[in-house]
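For reference, work-v7.cif (mmCIF, C-alpha atoms):
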data_input
loop_
_atom_site.group_PDB
_atom_site.id
_atom_site.type_symbol
_atom_site.label_atom_id
_atom_site.label_comp_id
_atom_site.auth_asym_id
_atom_site.auth_seq_id
_atom_site.Cartn_x
_atom_site.Cartn_y
_atom_site.Cartn_z
ATOM 1 C CA MET A 1 0.000 0.000 0.000
ATOM 2 C CA ASN A 2 2.794 2.363 0.951
ATOM 3 C CA ALA A 3 4.409 1.910 -2.452
ATOM 4 C CA GLN A 4 1.121 2.216 -4.309
ATOM 5 C CA LEU A 5 0.344 5.519 -2.622
ATOM 6 C CA SER A 6 3.811 6.825 -3.396
ATOM 7 C CA GLU A 7 3.969 5.533 -6.975
ATOM 8 C CA MET A 8 1.069 7.730 -8.019
ATOM 9 C CA ARG A 9 2.536 10.862 -6.473
ATOM 10 C CA PRO A 10 4.175 13.015 -9.148
ATOM 11 C CA LEU A 11 4.430 15.821 -6.589
ATOM 12 C CA GLY A 12 6.337 14.594 -3.568
ATOM 13 C CA SER A 13 3.750 13.458 -1.074
ATOM 14 C CA VAL A 14 1.147 16.237 -0.844
ATOM 15 C CA GLY A 15 -2.479 15.150 -0.583
ATOM 16 C CA PHE A 16 -5.569 17.335 -0.965
ATOM 17 C CA GLY A 17 -7.523 17.434 2.295
ATOM 18 C CA ALA A 18 -11.074 18.245 1.247
ATOM 19 C CA SER A 19 -12.603 18.966 4.669
ATOM 20 C CA PRO A 20 -12.464 22.746 3.958
ATOM 21 C CA LEU A 21 -14.688 22.152 0.907
ATOM 22 C CA GLY A 22 -17.406 21.366 3.455
ATOM 23 C CA SER A 23 -17.073 24.964 4.726
ATOM 24 C CA VAL A 24 -15.801 23.806 8.124
ATOM 25 C CA PHE A 25 -13.120 26.531 8.198
ATOM 26 C CA GLY A 26 -15.289 29.216 6.572
ATOM 27 C CA SER A 27 -17.690 29.402 3.645
ATOM 28 C CA VAL A 28 -16.495 28.034 0.284
ATOM 29 C CA SER A 29 -18.425 28.525 -2.948
ATOM 30 C CA GLU A 30 -18.982 25.672 -5.384
ATOM 31 C CA SER A 31 -16.965 27.465 -8.051
ATOM 32 C CA ASP A 32 -14.007 27.911 -5.681
ATOM 33 C CA ALA A 33 -14.226 24.281 -4.576
ATOM 34 C CA VAL A 34 -14.218 22.974 -8.157
ATOM 35 C CA ALA A 35 -11.452 25.369 -9.201
ATOM 36 C CA SER A 36 -9.225 24.270 -6.311
ATOM 37 C CA VAL A 37 -9.617 20.583 -7.255
ATOM 38 C CA LEU A 38 -8.833 21.344 -10.908
ATOM 39 C CA GLU A 39 -5.769 23.405 -10.008
ATOM 40 C CA ALA A 40 -4.499 20.780 -7.575
ATOM 41 C CA PHE A 41 -4.662 18.076 -10.213
ATOM 42 C CA ARG A 42 -3.097 20.343 -12.857
ATOM 43 C CA LEU A 43 -0.156 20.977 -10.533
ATOM 44 C CA GLY A 44 0.420 17.281 -9.811
ATOM 45 C CA ILE A 45 -1.688 16.500 -6.727
ATOM 46 C CA ASN A 46 -3.749 13.367 -7.326
ATOM 47 C CA PHE A 47 -4.706 12.186 -3.821
ATOM 48 C CA PHE A 48 -8.000 13.553 -2.463
ATOM 49 C CA ASP A 49 -9.372 12.824 1.018
ATOM 50 C CA THR A 50 -12.860 13.552 2.364
ATOM 51 C CA SER A 51 -15.575 12.229 4.714
ATOM 52 C CA PRO A 52 -19.372 12.365 4.986
ATOM 53 C CA TYR A 53 -18.790 14.083 8.348
ATOM 54 C CA TYR A 54 -17.145 17.159 6.826
ATOM 55 C CA GLY A 55 -19.795 19.816 6.409
ATOM 56 C CA ALA A 56 -22.509 17.165 6.880
ATOM 57 C CA THR A 57 -21.761 15.545 3.457
ATOM 58 C CA LEU A 58 -21.045 18.900 1.712
ATOM 59 C CA SER A 59 -17.327 18.124 1.320
ATOM 60 C CA GLU A 60 -18.044 14.870 -0.527
ATOM 61 C CA LYS A 61 -20.527 16.585 -2.830
ATOM 62 C CA MET A 62 -18.140 19.435 -3.646
ATOM 63 C CA LEU A 63 -15.214 17.070 -4.213
ATOM 64 C CA GLY A 64 -17.409 14.911 -6.448
ATOM 65 C CA LYS A 65 -18.210 17.907 -8.627
ATOM 66 C CA GLY A 66 -14.540 18.843 -8.807
ATOM 67 C CA LEU A 67 -13.443 15.338 -9.760
ATOM 68 C CA LYS A 68 -16.121 15.079 -12.430
ATOM 69 C CA ALA A 69 -14.934 18.391 -13.882
ATOM 70 C CA LEU A 70 -11.426 16.923 -14.296
ATOM 71 C CA GLY A 71 -12.648 14.811 -17.198
ATOM 72 C CA VAL A 72 -9.728 12.374 -16.888
ATOM 73 C CA PRO A 73 -9.676 8.570 -16.531
ATOM 74 C CA ARG A 74 -10.590 7.405 -13.020
ATOM 75 C CA SER A 75 -7.227 5.635 -12.672
ATOM 76 C CA GLU A 76 -5.391 8.975 -12.679
ATOM 77 C CA TYR A 77 -6.403 9.987 -9.155
ATOM 78 C CA ILE A 78 -6.818 8.416 -5.712
ATOM 79 C CA VAL A 79 -9.888 9.118 -3.571
ATOM 80 C CA SER A 80 -10.239 8.393 0.116
ATOM 81 C CA THR A 81 -13.402 8.792 2.161
ATOM 82 C CA LYS A 82 -14.545 7.575 5.546
ATOM 83 C CA CYS A 83 -17.325 5.866 7.473
ATOM 84 C CA GLY A 84 -18.530 5.635 11.043
ATOM 85 C CA ARG A 85 -18.659 9.362 11.847
ATOM 86 C CA TYR A 86 -21.618 11.442 10.697
ATOM 87 C CA ARG A 87 -23.306 14.701 11.600
ATOM 88 C CA GLU A 88 -25.805 12.718 13.681
ATOM 89 C CA GLY A 89 -23.090 10.837 15.585
ATOM 90 C CA PHE A 90 -20.984 7.672 15.447
ATOM 91 C CA ASP A 91 -22.102 4.330 14.058
ATOM 92 C CA PHE A 92 -19.533 1.645 13.244
ATOM 93 C CA SER A 93 -22.090 -1.126 12.750
ATOM 94 C CA ALA A 94 -21.701 -3.365 9.705
ATOM 95 C CA GLU A 95 -25.119 -2.271 8.456
ATOM 96 C CA ARG A 96 -24.330 1.455 8.673
ATOM 97 C CA VAL A 97 -20.873 1.341 7.082
ATOM 98 C CA THR A 98 -22.176 -0.885 4.260
ATOM 99 C CA LYS A 99 -24.881 1.678 3.537
ATOM 100 C CA SER A 100 -22.353 4.490 3.978
ATOM 101 C CA ILE A 101 -20.190 3.517 1.000
ATOM 102 C CA ASP A 102 -23.166 3.641 -1.383
ATOM 103 C CA GLU A 103 -24.132 7.088 -0.091
ATOM 104 C CA SER A 104 -20.563 8.328 -0.469
ATOM 105 C CA LEU A 105 -20.163 6.912 -3.990
ATOM 106 C CA GLU A 106 -23.332 8.707 -5.044
ATOM 107 C CA ARG A 107 -22.147 12.035 -3.636
ATOM 108 C CA LEU A 108 -18.655 11.588 -5.100
ATOM 109 C CA GLN A 109 -20.117 10.438 -8.448
ATOM 110 C CA LEU A 110 -17.757 7.450 -8.468
ATOM 111 C CA ASP A 111 -18.017 3.686 -8.898
ATOM 112 C CA TYR A 112 -15.434 2.948 -6.192
ATOM 113 C CA VAL A 113 -13.127 4.684 -3.737
ATOM 114 C CA ASP A 114 -9.481 3.782 -3.380
ATOM 115 C CA ILE A 115 -9.382 3.998 0.416
ATOM 116 C CA PHE A 116 -12.317 3.623 2.828
ATOM 117 C CA GLN A 117 -11.437 4.556 6.392
ATOM 118 C CA CYS A 118 -13.105 4.035 9.760
ATOM 119 C CA HIS A 119 -13.326 7.633 10.973
ATOM 120 C CA ASP A 120 -12.077 8.565 14.466
ATOM 121 C CA ILE A 121 -12.389 5.091 15.922
ATOM 122 C CA GLU A 122 -11.568 6.232 19.460
ATOM 123 C CA PHE A 123 -15.177 7.413 19.746
ATOM 124 C CA GLY A 124 -16.573 3.949 19.110
ATOM 125 C CA SER A 125 -15.852 0.513 20.514
ATOM 126 C CA LEU A 126 -12.443 -0.551 19.226
ATOM 127 C CA ASP A 127 -13.479 -4.170 19.624
ATOM 128 C CA GLN A 128 -16.544 -3.534 17.461
ATOM 129 C CA VAL A 129 -14.277 -2.029 14.807
ATOM 130 C CA VAL A 130 -12.072 -5.155 14.951
ATOM 131 C CA ASN A 131 -14.872 -7.731 15.004
ATOM 132 C CA GLU A 132 -17.641 -6.083 12.975
ATOM 133 C CA THR A 133 -16.571 -2.979 11.025
ATOM 134 C CA ILE A 134 -13.362 -4.290 9.450
ATOM 135 C CA PRO A 135 -15.002 -7.576 8.278
ATOM 136 C CA ALA A 136 -17.802 -5.492 6.704
ATOM 137 C CA LEU A 137 -15.202 -3.405 4.874
ATOM 138 C CA GLN A 138 -13.487 -6.583 3.663
ATOM 139 C CA LYS A 139 -16.769 -7.571 2.016
ATOM 140 C CA LEU A 140 -16.943 -4.156 0.323
ATOM 141 C CA LYS A 141 -13.391 -4.744 -0.908
ATOM 142 C CA GLU A 142 -14.428 -8.101 -2.379
ATOM 143 C CA ALA A 143 -17.409 -6.389 -4.018
ATOM 144 C CA GLY A 144 -15.076 -3.881 -5.720
ATOM 145 C CA LYS A 145 -16.533 -0.793 -4.027
ATOM 146 C CA ILE A 146 -13.288 -0.043 -2.180
ATOM 147 C CA ARG A 147 -9.656 -0.949 -2.853
ATOM 148 C CA PHE A 148 -8.006 -0.426 0.549
ATOM 149 C CA ILE A 149 -9.114 -0.347 4.186
ATOM 150 C CA GLY A 150 -7.984 2.342 6.610
ATOM 151 C CA ILE A 151 -8.461 3.643 10.147
ATOM 152 C CA THR A 152 -8.169 7.192 11.479
ATOM 153 C CA GLY A 153 -8.071 8.897 14.854
ATOM 154 C CA LEU A 154 -6.257 11.255 17.193
ATOM 155 C CA PRO A 155 -4.772 9.095 20.026
ATOM 156 C CA LEU A 156 -1.844 7.132 18.633
ATOM 157 C CA GLU A 157 -2.515 4.136 20.887
ATOM 158 C CA ILE A 158 -5.672 3.250 18.926
ATOM 159 C CA PHE A 159 -3.508 2.171 15.994
ATOM 160 C CA THR A 160 -1.438 -0.305 17.982
ATOM 161 C CA TYR A 161 -4.543 -1.640 19.752
ATOM 162 C CA LEU A 162 -6.321 -2.354 16.485
ATOM 163 C CA LEU A 163 -3.379 -3.478 14.344
ATOM 164 C CA ASP A 164 -2.343 -6.004 17.006
ATOM 165 C CA ARG A 165 -5.813 -7.571 16.833
ATOM 166 C CA VAL A 166 -6.348 -8.046 13.096
ATOM 167 C CA PRO A 167 -4.513 -10.406 10.723
ATOM 168 C CA PRO A 168 -1.535 -8.855 8.865
ATOM 169 C CA GLY A 169 -2.632 -7.141 5.668
ATOM 170 C CA THR A 170 -6.200 -6.564 6.879
ATOM 171 C CA VAL A 171 -5.689 -2.830 7.374
ATOM 172 C CA ASP A 172 -3.830 -1.187 4.497
ATOM 173 C CA VAL A 173 -3.417 2.379 5.736
ATOM 174 C CA ILE A 174 -3.672 4.528 8.867
ATOM 175 C CA LEU A 175 -4.403 8.252 8.962
ATOM 176 C CA SER A 176 -2.980 10.151 11.921
ATOM 177 C CA TYR A 177 -3.474 13.868 12.335
ATOM 178 C CA CYS A 178 -1.827 16.657 14.323
ATOM 179 C CA HIS A 179 0.971 14.330 15.437
ATOM 180 C CA TYR A 180 3.602 15.156 12.843
ATOM 181 C CA SER A 181 4.025 18.908 12.806
ATOM 182 C CA ILE A 182 6.506 21.373 14.291
ATOM 183 C CA ASN A 183 4.650 21.493 17.614
ATOM 184 C CA ASP A 184 3.950 17.743 17.919
ATOM 185 C CA SER A 185 6.067 15.011 16.342
ATOM 186 C CA THR A 186 4.929 12.038 18.444
ATOM 187 C CA LEU A 187 3.922 10.055 15.344
ATOM 188 C CA GLU A 188 7.644 9.600 14.702
ATOM 189 C CA ASP A 189 7.911 7.177 17.630
ATOM 190 C CA LEU A 190 5.238 4.956 16.075
ATOM 191 C CA LEU A 191 6.721 4.811 12.557
ATOM 192 C CA PRO A 192 8.964 1.746 13.117
ATOM 193 C CA TYR A 193 5.982 -0.210 14.514
ATOM 194 C CA LEU A 194 3.745 0.815 11.611
ATOM 195 C CA LYS A 195 6.405 -0.243 9.121
ATOM 196 C CA THR A 196 6.518 -3.710 10.695
ATOM 197 C CA LYS A 197 2.754 -3.919 10.144
ATOM 198 C CA GLY A 198 3.160 -3.018 6.461
ATOM 199 C CA VAL A 199 0.615 -0.204 6.486
ATOM 200 C CA GLY A 200 0.697 3.003 4.457
ATOM 201 C CA ILE A 201 0.986 6.113 6.634
ATOM 202 C CA ILE A 202 -0.981 9.294 6.003
ATOM 203 C CA SER A 203 -0.262 12.279 8.210
ATOM 204 C CA ALA A 204 -2.913 14.982 8.172
ATOM 205 C CA SER A 205 -2.985 18.542 9.470
ATOM 206 C CA PRO A 206 0.658 19.605 9.211
ATOM 207 C CA LEU A 207 -0.651 23.056 10.193
ATOM 208 C CA ALA A 208 -2.171 21.546 13.379
ATOM 209 C CA MET A 209 -5.742 22.445 12.344
ATOM 210 C CA GLY A 210 -4.828 26.105 11.938
ATOM 211 C CA LEU A 211 -2.446 26.562 14.891
ATOM 212 C CA LEU A 212 0.543 27.004 12.574
ATOM 213 C CA THR A 213 -0.925 29.786 10.445
ATOM 214 C CA GLU A 214 -0.760 33.565 10.519
ATOM 215 C CA PHE A 215 -4.535 33.711 11.017
ATOM 216 C CA GLY A 216 -4.551 31.293 13.936
ATOM 217 C CA PRO A 217 -6.920 28.400 14.648
ATOM 218 C CA PRO A 218 -10.730 28.463 14.399
ATOM 219 C CA GLU A 219 -12.701 29.173 17.580
ATOM 220 C CA TRP A 220 -13.577 25.502 18.116
ATOM 221 C CA HIS A 221 -9.916 24.446 18.237
ATOM 222 C CA PRO A 222 -9.384 22.321 21.388
ATOM 223 C CA ALA A 223 -5.722 23.249 22.037
ATOM 224 C CA SER A 224 -4.774 24.786 25.394
ATOM 225 C CA PRO A 225 -4.372 28.580 25.693
ATOM 226 C CA GLU A 226 -0.616 28.025 26.250
ATOM 227 C CA LEU A 227 -0.252 26.072 23.015
ATOM 228 C CA LYS A 228 -2.297 28.602 21.038
ATOM 229 C CA SER A 229 -0.234 31.453 22.468
ATOM 230 C CA ALA A 230 3.101 29.790 21.653
ATOM 231 C CA CYS A 231 2.026 29.033 18.078
ATOM 232 C CA GLN A 232 0.851 32.627 17.654
ATOM 233 C CA ALA A 233 4.232 33.867 18.906
ATOM 234 C CA ALA A 234 5.980 31.564 16.417
ATOM 235 C CA ALA A 235 3.795 32.859 13.573
ATOM 236 C CA VAL A 236 4.568 36.472 14.500
ATOM 237 C CA TYR A 237 8.293 35.690 14.661
ATOM 238 C CA CYS A 238 8.193 34.158 11.170
ATOM 239 C CA LYS A 239 6.288 37.108 9.733
ATOM 240 C CA GLU A 240 8.796 39.563 11.207
ATOM 241 C CA LYS A 241 11.573 37.630 9.448
ATOM 242 C CA GLY A 242 9.661 37.721 6.152
ATOM 243 C CA LYS A 243 8.860 34.002 6.431
ATOM 244 C CA ASN A 244 5.564 32.118 6.476
ATOM 245 C CA ILE A 245 4.958 29.681 9.326
ATOM 246 C CA SER A 246 2.516 27.619 7.250
ATOM 247 C CA LYS A 247 5.122 27.009 4.558
ATOM 248 C CA LEU A 248 7.704 26.113 7.208
ATOM 249 C CA ALA A 249 5.239 23.683 8.823
ATOM 250 C CA MET A 250 4.356 22.082 5.497
ATOM 251 C CA GLN A 251 8.001 21.522 4.639
ATOM 252 C CA TYR A 252 8.726 20.093 8.083
ATOM 253 C CA SER A 253 5.987 17.486 7.656
ATOM 254 C CA LEU A 254 6.832 16.660 4.044
ATOM 255 C CA SER A 255 10.488 15.967 4.754
ATOM 256 C CA ASN A 256 9.896 12.582 6.449
ATOM 257 C CA LYS A 257 10.215 9.906 3.766
ATOM 258 C CA ASP A 258 8.561 7.245 5.953
ATOM 259 C CA ILE A 259 5.221 9.055 5.631
ATOM 260 C CA SER A 260 3.460 8.147 2.369
ATOM 261 C CA THR A 261 1.271 11.227 2.140
ATOM 262 C CA VAL A 262 0.840 14.505 3.993
ATOM 263 C CA LEU A 263 -2.746 15.722 3.781
ATOM 264 C CA VAL A 264 -3.250 19.477 3.711
ATOM 265 C CA GLY A 265 -6.665 21.122 3.789
ATOM 266 C CA MET A 266 -7.265 23.334 0.757
ATOM 267 C CA ASN A 267 -10.241 25.408 -0.336
ATOM 268 C CA SER A 268 -8.951 27.848 -2.941
ATOM 269 C CA VAL A 269 -6.666 28.051 -5.952
ATOM 270 C CA LYS A 270 -4.391 30.363 -3.941
ATOM 271 C CA GLN A 271 -3.987 27.783 -1.139
ATOM 272 C CA VAL A 272 -3.274 25.046 -3.666
ATOM 273 C CA GLU A 273 -0.605 27.150 -5.366
ATOM 274 C CA GLU A 274 1.021 28.061 -2.027
ATOM 275 C CA ASN A 275 1.152 24.423 -0.926
ATOM 276 C CA VAL A 276 2.588 23.235 -4.221
ATOM 277 C CA ALA A 277 5.164 26.036 -4.124
ATOM 278 C CA ALA A 278 6.195 24.989 -0.600
ATOM 279 C CA ALA A 279 6.584 21.354 -1.683
ATOM 280 C CA THR A 280 8.524 22.304 -4.814
ATOM 281 C CA GLU A 281 10.816 24.616 -2.857
ATOM 282 C CA LEU A 282 11.537 21.808 -0.382
ATOM 283 C CA VAL A 283 12.582 19.483 -3.213
ATOM 284 C CA LEU A 284 14.813 22.119 -4.798
ATOM 285 C CA PHE A 285 16.362 23.805 -1.772
ATOM 286 C CA GLY A 286 15.589 21.735 1.340
ATOM 287 C CA LYS A 287 14.253 23.005 4.663
ATOM 288 C CA ASP A 288 14.910 26.468 6.100
ATOM 289 C CA HIS A 289 16.936 25.038 8.995
ATOM 290 C CA GLU A 290 17.707 28.401 10.610
ATOM 291 C CA THR A 291 14.113 29.597 10.892
ATOM 292 C CA LEU A 292 12.908 26.117 11.781
ATOM 293 C CA ALA A 293 15.362 25.900 14.692
ATOM 294 C CA GLU A 294 14.191 29.237 16.061
ATOM 295 C CA VAL A 295 10.509 28.311 15.733
ATOM 296 C CA GLU A 296 11.199 24.981 17.465
ATOM 297 C CA ALA A 297 12.828 26.909 20.311
ATOM 298 C CA ILE A 298 9.710 29.074 20.701
ATOM 299 C CA LEU A 299 7.480 25.990 20.735
ATOM 300 C CA LYS A 300 9.739 23.875 22.973
ATOM 301 C CA PRO A 301 7.785 24.580 26.233
ATOM 302 C CA VAL A 302 4.596 23.180 24.608
ATOM 303 C CA LYS A 303 6.227 20.517 22.410
ATOM 304 C CA ASN A 304 4.085 17.391 21.982
ATOM 305 C CA GLN A 305 1.277 18.903 24.053
ATOM 306 C CA THR A 306 -1.824 17.326 22.565
ATOM 307 C CA TRP A 307 -5.468 17.758 23.510
ATOM 308 C CA PRO A 308 -8.194 15.311 24.499
ATOM 309 C CA SER A 309 -10.242 13.802 21.715
ATOM 310 C CA GLY A 310 -13.206 16.074 21.291
ATOM 311 C CA ILE A 311 -14.062 18.494 18.536
ATOM 312 C CA GLN A 312 -11.928 17.621 15.521
ATOM 313 C CA GLN A 313 -11.962 17.784 11.782
ATOM 314 C CA SER A 314 -9.678 14.829 11.062
#
Take the structure from the file and write it as structure tokens.
Amino acid sequence: MNAQLSEMRPLGSVGFGASPLGSVFGSVSESDAVASVLEAFRLGINFFDTSPYYGATLSEKMLGKGLKALGVPRSEYIVSTKCGRYREGFDFSAERVTKSIDESLERLQLDYVDIFQCHDIEFGSLDQVVNETIPALQKLKEAGKIRFIGITGLPLEIFTYLLDRVPPGTVDVILSYCHYSINDSTLEDLLPYLKTKGVGIISASPLAMGLLTEFGPPEWHPASPELKSACQAAAVYCKEKGKNISKLAMQYSLSNKDISTVLVGMNSVKQVEENVAAATELVLFGKDHETLAEVEAILKPVKNQTWPSGIQQS
């Protein structure tokens, strides 16, 4: 799986996180959503990730319109969506996730998705996911509706719990978020274990759900005041030096070759172009080690400070 994800990546390892297309970080018009998908693909991004939870199915619908507008063979892009988390709550039952894929395929206007992921499994029963959800997804795989099975969540221990309880090769990919960025790199400790399990690794939210941006996080962000304050100070420092903390954060996350794909939320042509420029600059010139070291020093007192699972947009 790891190789298959990487093989199709003409642009390093940047993936298009489509949660912003569901207007979860601010309103996005249909024309902007479609244009951002078209521009991403034109510039070499061909991995798109969404969920029925994002914007209460709006993200899937918007992404579906964007993908249809591409007008290219289905084999030229990879689509990942999720199941188990919905606007109305969590439901990891075999019946619900089996129904979920058909709903998602209709919204995405596709015949199959490449990756189907159990969304934020820490909110359900992990044993139910092992004994009921995963077997249901295996049947969907046999039916040709999905190609790979994945799991997502915030606490890193959920991955070891689940992967130790399913046969090797059952789960193809894990999606971790907010654990491989300048302020929190705890995913790194889990990488050797994940490699032994043979799973592809997707790291989402290199900007820590808005913490590592000049604008700061949305109001619902669950980080502590100390963490928010430190990230704001780091952003101000970068701006004063004529640097952009978001670009620095992107390049930090992209530089780990053990991570198949880094998912970045995008909702405009401008954001797509900035992210592609950051990835291209990293390939050509490497990381800005001087600025990175100084930002890491600012964030050191809050390094690896996570937050309890609660309101998230993973």
Which residues fall under the PyMOL selection byres ((chain A and resi 229) around 12) in this file, as a PyMOL selection string? chain A and resi 211-212+216-217+223-228+230-236+298-299+301-302
Serialized selection, C-alpha atoms, as a CSV table (one decimal), in the coordinates of the input:
chain,number,residue,atom,x,y,z
A,211,LEU,CA,-2.4,26.6,14.9
A,212,LEU,CA,0.5,27.0,12.6
A,216,GLY,CA,-4.6,31.3,13.9
A,217,PRO,CA,-6.9,28.4,14.6
A,223,ALA,CA,-5.7,23.2,22.0
A,224,SER,CA,-4.8,24.8,25.4
A,225,PRO,CA,-4.4,28.6,25.7
A,226,GLU,CA,-0.6,28.0,26.2
A,227,LEU,CA,-0.3,26.1,23.0
A,228,LYS,CA,-2.3,28.6,21.0
A,230,ALA,CA,3.1,29.8,21.7
A,231,CYS,CA,2.0,29.0,18.1
A,232,GLN,CA,0.9,32.6,17.7
A,233,ALA,CA,4.2,33.9,18.9
A,234,ALA,CA,6.0,31.6,16.4
A,235,ALA,CA,3.8,32.9,13.6
A,236,VAL,CA,4.6,36.5,14.5
A,298,ILE,CA,9.7,29.1,20.7
A,299,LEU,CA,7.5,26.0,20.7
A,301,PRO,CA,7.8,24.6,26.2
A,302,VAL,CA,4.6,23.2,24.6
What lies within 10 Å of Asp111 of chain A using only C-alpha atoms, ignoring chain neighbours under 2 positions off, as a VMD selection string? chain A and resid 74 102 104 to 106 108 to 109 113 144 to 146
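Atom pair atom CA of Arg107 of chain A / atom CA of Cys83 of chain A: separated by 13.6 Å.
Pairwise distance (atom CA of Ser36 of chain A, atom CA of Ala208 of chain A) equals 21.1 Å.
In this structure, atom CA of Glu281 of chain A sits 8.6 Å away from atom CA of Gln251 of chain A.
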Could you list, as a PyMOL selection string, every residue matched by the PyMOL selection byres ((chain A and resi 22) around 12) in this structure? chain A and resi 17-21+23-30+32-33+49-64+265-267+313
Select, counting all atoms listed in the file, all protein, DNA and RNA residues no farther than 9 Å from (-1.1, 19.7, 8.7) in file coordinates, and express the selection as a VMD selection string. chain A and resid 177 to 181 203 to 210 212 246 249 to 250 253 262 to 265
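Take the candidates A:Glu290, A:Glu132, A:Asp172, A:Asp184 and check each one against Trp307 of chain A using only C-alpha atoms; the shortest distance goes to A:Asp184.
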Taking the file as I've supplied it (selection: the PyMOL selection byres ((chain A and resi 139) around 12)), which residues are included? Please answer as an mmCIF file with C-alpha atoms, in the frame of the given file.
data_model
loop_
_atom_site.group_PDB
_atom_site.id
_atom_site.type_symbol
_atom_site.label_atom_id
_atom_site.label_comp_id
_atom_site.auth_asym_id
_atom_site.auth_seq_id
_atom_site.Cartn_x
_atom_site.Cartn_y
_atom_site.Cartn_z
ATOM 1 C CA ALA A 94 -21.701 -3.365 9.705
ATOM 2 C CA GLU A 95 -25.119 -2.271 8.456
ATOM 3 C CA VAL A 97 -20.873 1.341 7.082
ATOM 4 C CA THR A 98 -22.176 -0.885 4.260
ATOM 5 C CA ILE A 101 -20.190 3.517 1.000
ATOM 6 C CA GLU A 132 -17.641 -6.083 12.975
ATOM 7 C CA THR A 133 -16.571 -2.979 11.025
ATOM 8 C CA ILE A 134 -13.362 -4.290 9.450
ATOM 9 C CA PRO A 135 -15.002 -7.576 8.278
ATOM 10 C CA ALA A 136 -17.802 -5.492 6.704
ATOM 11 C CA LEU A 137 -15.202 -3.405 4.874
ATOM 12 C CA GLN A 138 -13.487 -6.583 3.663
ATOM 13 C CA LEU A 140 -16.943 -4.156 0.323
ATOM 14 C CA LYS A 141 -13.391 -4.744 -0.908
ATOM 15 C CA GLU A 142 -14.428 -8.101 -2.379
ATOM 16 C CA ALA A 143 -17.409 -6.389 -4.018
ATOM 17 C CA GLY A 144 -15.076 -3.881 -5.720
ATOM 18 C CA LYS A 145 -16.533 -0.793 -4.027
ATOM 19 C CA ILE A 146 -13.288 -0.043 -2.180
ATOM 20 C CA ARG A 147 -9.656 -0.949 -2.853
ATOM 21 C CA PHE A 148 -8.006 -0.426 0.549
ATOM 22 C CA ILE A 149 -9.114 -0.347 4.186
ATOM 23 C CA THR A 170 -6.200 -6.564 6.879
#
Mind checking which residues fall within 12 Å of Tyr77 of chain A, counting all atoms listed in the file, ignoring those fewer than 4 positions away in the same chain, and posting them as JSON, numbers by chain? {"A": [4, 5, 7, 8, 9, 10, 15, 16, 37, 38, 40, 41, 42, 44, 45, 46, 47, 48, 49, 67, 68, 70, 71, 72, 73, 110, 112, 113, 114, 115]}
Counting all atoms listed in the file, which of A:Val34, A:Leu175, A:Leu162, A:Ile182 gets nearest to Leu126 of chain A? A:Leu162
